$ cat query_25.cif   # mmCIF, C-alpha atoms
data_start
loop_
_atom_site.label_atom_id
_atom_site.label_comp_id
_atom_site.auth_asym_id
_atom_site.auth_seq_id
_atom_site.Cartn_x
_atom_site.Cartn_y
_atom_site.Cartn_z
CA MET A 1 102.21 75.96 93.45
CA ARG A 2 100.26 78.71 91.67
CA SER A 3 97.07 77.80 93.47
CA ILE A 4 98.81 78.12 96.84
CA ILE A 5 100.11 81.56 95.88
CA LYS A 6 96.63 82.58 94.74
CA ILE A 7 95.12 81.40 98.01
CA ILE A 8 97.73 83.31 100.01
CA MET A 9 97.20 86.47 97.96
CA VAL A 10 93.40 86.30 98.33
CA SER A 11 93.70 85.77 102.08
CA LEU A 12 96.14 88.69 102.40
CA ILE A 13 93.75 90.94 100.49
CA GLY A 14 90.90 89.84 102.73
CA VAL A 15 92.88 90.49 105.91
CA SER A 16 94.06 93.91 104.72
CA ALA A 17 90.52 94.91 103.73
CA ASN A 18 89.29 93.83 107.15
CA GLN A 19 92.03 95.87 108.83
CA MET A 20 91.11 98.94 106.80
CA LEU A 21 87.48 98.66 107.85
CA ALA A 22 88.50 98.19 111.48
CA GLN A 23 90.71 101.28 111.31
CA ASP A 24 87.85 103.26 109.83
CA ASN A 25 85.58 102.28 112.74
CA ASN A 26 88.28 102.92 115.35
CA LYS A 27 89.18 106.32 113.92
CA THR A 28 86.21 107.99 115.60
CA LEU A 29 86.93 106.20 118.87
CA LEU A 30 90.53 107.43 118.84
CA GLN A 31 89.40 110.94 118.02
CA THR A 32 86.82 110.79 120.83
CA GLU A 33 89.42 109.59 123.33
CA ARG A 34 91.84 112.38 122.38
CA VAL A 35 89.17 115.04 122.80
CA ALA A 36 87.92 113.41 126.02
CA THR A 37 91.37 113.49 127.60
CA LYS A 38 91.92 117.11 126.56
CA LEU A 39 88.55 118.30 127.82
CA GLY A 40 87.99 115.85 130.69
CA LEU A 41 84.67 114.47 129.42
CA ASN A 42 82.53 111.96 131.30
CA GLU A 43 81.26 108.69 129.75
CA GLU A 44 77.93 110.14 128.65
CA GLN A 45 79.66 113.00 126.88
CA LYS A 46 82.12 110.57 125.26
CA LEU A 47 79.29 108.48 123.83
CA ALA A 48 77.48 111.55 122.48
CA LEU A 49 80.70 112.91 120.99
CA ASP A 50 81.57 109.58 119.37
CA LYS A 51 78.05 109.38 117.90
CA GLU A 52 78.48 112.91 116.50
CA PHE A 53 81.87 112.03 114.98
CA LYS A 54 80.42 108.90 113.34
CA GLU A 55 77.49 110.85 111.90
CA GLY A 56 79.89 113.43 110.48
CA GLN A 57 82.00 110.69 108.96
CA LEU A 58 78.93 109.12 107.31
CA GLU A 59 77.83 112.51 105.99
CA ARG A 60 81.27 113.13 104.48
CA LYS A 61 81.24 109.71 102.81
CA ALA A 62 77.78 110.34 101.35
CA THR A 63 78.89 113.74 100.05
CA MET A 64 82.00 112.22 98.47
CA GLU A 65 79.89 109.57 96.73
CA LYS A 66 77.57 112.26 95.37
CA MET A 67 80.57 114.23 94.09
CA ARG A 68 82.04 111.14 92.41
CA ALA A 69 78.73 110.44 90.69
CA LEU A 70 78.52 114.07 89.51
CA ARG A 71 82.07 113.93 88.20
CA GLU A 72 81.35 110.75 86.26
CA GLU A 73 78.18 112.27 84.82
CA MET A 74 80.09 115.39 83.75
CA ARG A 75 82.75 113.24 82.06
CA ARG A 76 80.10 111.32 80.17
CA ASP A 77 78.36 114.53 79.12
CA ALA A 78 81.65 116.04 77.93
CA PHE A 79 82.45 112.90 75.94
CA VAL A 80 79.04 112.93 74.26
CA GLU A 81 79.42 116.63 73.50
CA ARG A 82 82.87 116.07 71.94
CA GLN A 83 81.51 113.24 69.80
CA ALA A 84 78.62 115.43 68.60
CA LYS A 85 81.05 118.24 67.77
CA GLU A 86 83.23 115.82 65.80
CA GLU A 87 80.19 114.69 63.81
CA ARG A 88 79.16 118.27 63.06
CA LEU A 89 82.71 119.08 61.91
CA LYS A 90 82.76 116.02 59.65
CA GLU A 91 79.53 117.19 58.02
CA ILE A 92 80.93 120.67 57.40
CA LEU A 93 84.49 119.84 56.27
CA THR A 94 85.86 117.62 53.55
CA GLU A 95 87.98 114.61 54.50
CA GLU A 96 91.25 116.42 53.69
CA GLN A 97 90.21 119.51 55.65
CA TYR A 98 89.14 117.38 58.59
CA ALA A 99 92.49 115.52 58.54
CA LYS A 100 94.38 118.87 58.51
CA LEU A 101 92.26 120.10 61.41
CA LYS A 102 93.00 116.95 63.40
CA GLU A 103 96.74 117.25 62.72
CA SER A 104 96.82 120.92 63.72
CA SER A 105 94.89 120.22 66.90
CA LYS A 106 97.42 117.48 67.77
CA ASN A 107 100.24 119.99 67.23
CA VAL A 108 98.48 122.52 69.43
CA GLN A 109 98.04 119.87 72.10
CA ARG A 110 101.74 118.94 71.94
CA ALA A 111 102.74 122.60 72.21
CA ARG A 112 100.38 123.08 75.17
CA VAL A 113 101.89 120.09 76.99
CA GLN A 114 105.41 121.32 76.26
CA GLY A 115 104.49 124.80 77.46
CA GLN A 116 103.11 123.37 80.69
CA ARG A 117 106.36 121.50 81.23
CA ASN A 118 108.38 124.64 80.62
CA ARG A 119 106.17 126.68 82.96
CA ALA A 120 106.50 124.00 85.62
CA GLU A 121 110.28 124.14 85.35
CA VAL A 122 110.29 127.93 85.59
CA ARG A 123 107.91 127.79 88.56
CA ALA A 124 110.14 125.27 90.32
CA LYS A 125 113.19 127.50 89.84
CA THR A 126 111.27 130.57 90.94
CA ASN A 127 109.94 128.82 94.04
CA ARG A 128 113.45 127.84 95.03
CA ASN A 129 114.62 131.45 94.69
CA GLU A 130 111.56 132.79 96.50
CA ALA A 131 112.18 130.39 99.35
CA ARG A 132 115.67 131.80 99.72
CA PHE A 133 114.67 135.45 99.53
CA SER A 134 111.07 135.49 100.69
CA PRO A 135 109.70 138.65 102.29
CA GLN A 136 108.15 136.48 104.99
CA LYS A 137 111.57 135.24 106.08
CA ASP A 138 112.85 138.81 105.97
CA ARG A 139 109.95 139.93 108.18
CA LYS A 140 110.82 137.24 110.68
CA LYS A 141 114.44 138.33 110.72
CA ILE A 142 113.47 141.97 111.13
CA GLY A 143 111.12 141.06 113.96
CA ARG A 144 113.87 139.11 115.71
CA ARG A 145 116.32 141.99 115.31
CA MET A 146 113.81 144.44 116.77
CA MET A 147 113.16 142.16 119.73
CA MET A 148 116.90 141.80 120.34
CA LYS A 149 117.38 145.59 120.21
CA LYS A 150 114.61 146.04 122.76
CA ARG A 151 116.11 143.41 125.04
CA VAL A 152 119.57 144.96 124.78
CA ALA A 153 118.12 148.39 125.56
CA GLU A 154 116.27 146.97 128.58
CA MET A 155 119.42 145.24 129.81
CA LYS A 156 121.43 148.48 129.46
CA GLU A 157 118.72 150.34 131.36
CA LYS A 158 118.83 147.82 134.20
CA ALA A 159 122.62 147.95 134.29
CA LYS A 160 122.52 151.76 134.57
CA GLU A 161 120.00 151.55 137.39
CA LYS A 162 122.23 149.13 139.29
CA ASN A 163 125.40 151.18 138.81
CA GLU A 164 123.90 154.60 139.59
CA PRO A 165 124.31 155.77 143.22
CA LYS A 166 121.05 156.14 145.05
CA LYS A 167 119.75 159.70 145.48
CA ASP A 168 118.32 159.11 148.92
CA GLY A 169 121.75 159.24 150.49
CA GLY A 170 122.50 155.52 150.47
CA ASN A 171 125.70 153.82 149.34
#
$ encode --input "query_25.cif" --output "structure tokens"
Amino acid sequence: MRSIIKIIMVSLIGVSANQMLAQDNNKTLLQTERVATKLGLNEEQKLALDKEFKEGQLERKATMEKMRALREEMRRDAFVERQAKEERLKEILTEEQYAKLKESSKNVQRARVQGQRNRAEVRAKTNRNEARFSPQKDRKKIGRRMMMKKRVAEMKEKAKEKNEPKKDGGN
């Protein structure tokens, strides 16, 4: 029974991975077709555009890989630096002093995390209030009011023109 489940799971993973790769390849084709319909491109232009989209996609993937590698390298460097700092501190301080330092740094870390939580809560409350009373919303309302006043004034002007008797002697 377990072996059947394993086989089914492995096959599902394989199918889903295949689908993801197919979607990745079709993404540029879909993008090309959308642009082609908007701009009315011919077949030659479609092929060139699709080639350009694929090249851009490959460039973005390469850049992302470089960035991941740099991030990993930075993490490793930071870890090595922290370890070296710990060793230097151990050489300078006694065991009791080092233990006190570690405990105080844990307390500082806890306070920092708690402070971040508190700030996040305050920010969430503030954002809710700002959303209700944002100057941007007020500007939109003011703009709408001004447009309505102009329209009402124009309508009154037209109504006056219709109701006024003509000066050229007409009815």
$ resolve_selection --input "query_25.cif" --expression "the PyMOL selection byres ((chain A and resi 31) around 12)" --output "PyMOL selection string"
chain A and resi 23-30+32-38+46-47+49-54+57
$ atom_distance --input "query_25.cif" --atom1 "CA of Phe79 (chain A)" --atom2 "CA of Gly115 (chain A)"
25.1 Å
$ axis_aligned_box --input "query_25.cif" --around "region 63-75 of chain A" --padding-each-side "4 Å" --output "JSON"
{"center_x": 80.2, "center_y": 112.5, "center_z": 91.1, "size_x": 13.2, "size_y": 13.8, "size_z": 26.0}
$ decode --input "query_25.cif" --residues "region 50-66 of chain A" --atoms "N, CA, C and O atoms" --output "compact mmCIF listing (two decimals), in the first residue's frame"
# COMPACT_ATOMS: atom_id res chain seq x y z
N ASP A 50 8.95 37.33 -29.85
CA ASP A 50 9.02 36.18 -28.96
C ASP A 50 10.47 35.86 -28.60
O ASP A 50 10.77 35.56 -27.45
N LYS A 51 11.36 35.95 -29.58
CA LYS A 51 12.79 35.72 -29.32
C LYS A 51 13.30 36.73 -28.31
O LYS A 51 14.03 36.38 -27.38
N GLU A 52 12.91 37.98 -28.46
CA GLU A 52 13.33 39.04 -27.53
C GLU A 52 12.81 38.77 -26.12
O GLU A 52 13.54 38.92 -25.13
N PHE A 53 11.54 38.36 -26.02
CA PHE A 53 10.96 38.05 -24.70
C PHE A 53 11.70 36.90 -24.04
O PHE A 53 11.97 36.92 -22.84
N LYS A 54 12.04 35.86 -24.82
CA LYS A 54 12.75 34.71 -24.26
C LYS A 54 14.14 35.10 -23.79
O LYS A 54 14.60 34.65 -22.74
N GLU A 55 14.83 35.93 -24.56
CA GLU A 55 16.16 36.39 -24.15
C GLU A 55 16.08 37.20 -22.86
O GLU A 55 16.90 37.03 -21.96
N GLY A 56 15.07 38.04 -22.76
CA GLY A 56 14.89 38.82 -21.53
C GLY A 56 14.61 37.93 -20.34
O GLY A 56 15.13 38.16 -19.25
N GLN A 57 13.82 36.89 -20.57
CA GLN A 57 13.50 35.96 -19.50
C GLN A 57 14.78 35.24 -19.03
O GLN A 57 15.01 35.09 -17.84
N LEU A 58 15.60 34.80 -19.98
CA LEU A 58 16.85 34.12 -19.63
C LEU A 58 17.80 35.06 -18.89
O LEU A 58 18.46 34.66 -17.92
N GLU A 59 17.85 36.32 -19.32
CA GLU A 59 18.70 37.29 -18.64
C GLU A 59 18.24 37.51 -17.20
O GLU A 59 19.06 37.58 -16.27
N ARG A 60 16.93 37.60 -17.00
CA ARG A 60 16.40 37.79 -15.64
C ARG A 60 16.72 36.59 -14.76
O ARG A 60 17.09 36.75 -13.59
N LYS A 61 16.60 35.38 -15.32
CA LYS A 61 16.92 34.18 -14.54
C LYS A 61 18.39 34.17 -14.15
O LYS A 61 18.74 33.84 -13.02
N ALA A 62 19.26 34.52 -15.09
CA ALA A 62 20.70 34.55 -14.80
C ALA A 62 21.01 35.57 -13.72
O ALA A 62 21.80 35.31 -12.80
N THR A 63 20.38 36.73 -13.81
CA THR A 63 20.59 37.78 -12.80
C THR A 63 20.11 37.30 -11.43
O THR A 63 20.79 37.53 -10.42
N MET A 64 18.97 36.64 -11.38
CA MET A 64 18.45 36.14 -10.11
C MET A 64 19.39 35.10 -9.51
O MET A 64 19.60 35.08 -8.30
N GLU A 65 19.96 34.24 -10.34
CA GLU A 65 20.90 33.25 -9.84
C GLU A 65 22.14 33.92 -9.26
O GLU A 65 22.64 33.52 -8.21
N LYS A 66 22.63 34.95 -9.95
CA LYS A 66 23.79 35.68 -9.44
C LYS A 66 23.46 36.31 -8.08
O LYS A 66 24.27 36.26 -7.15
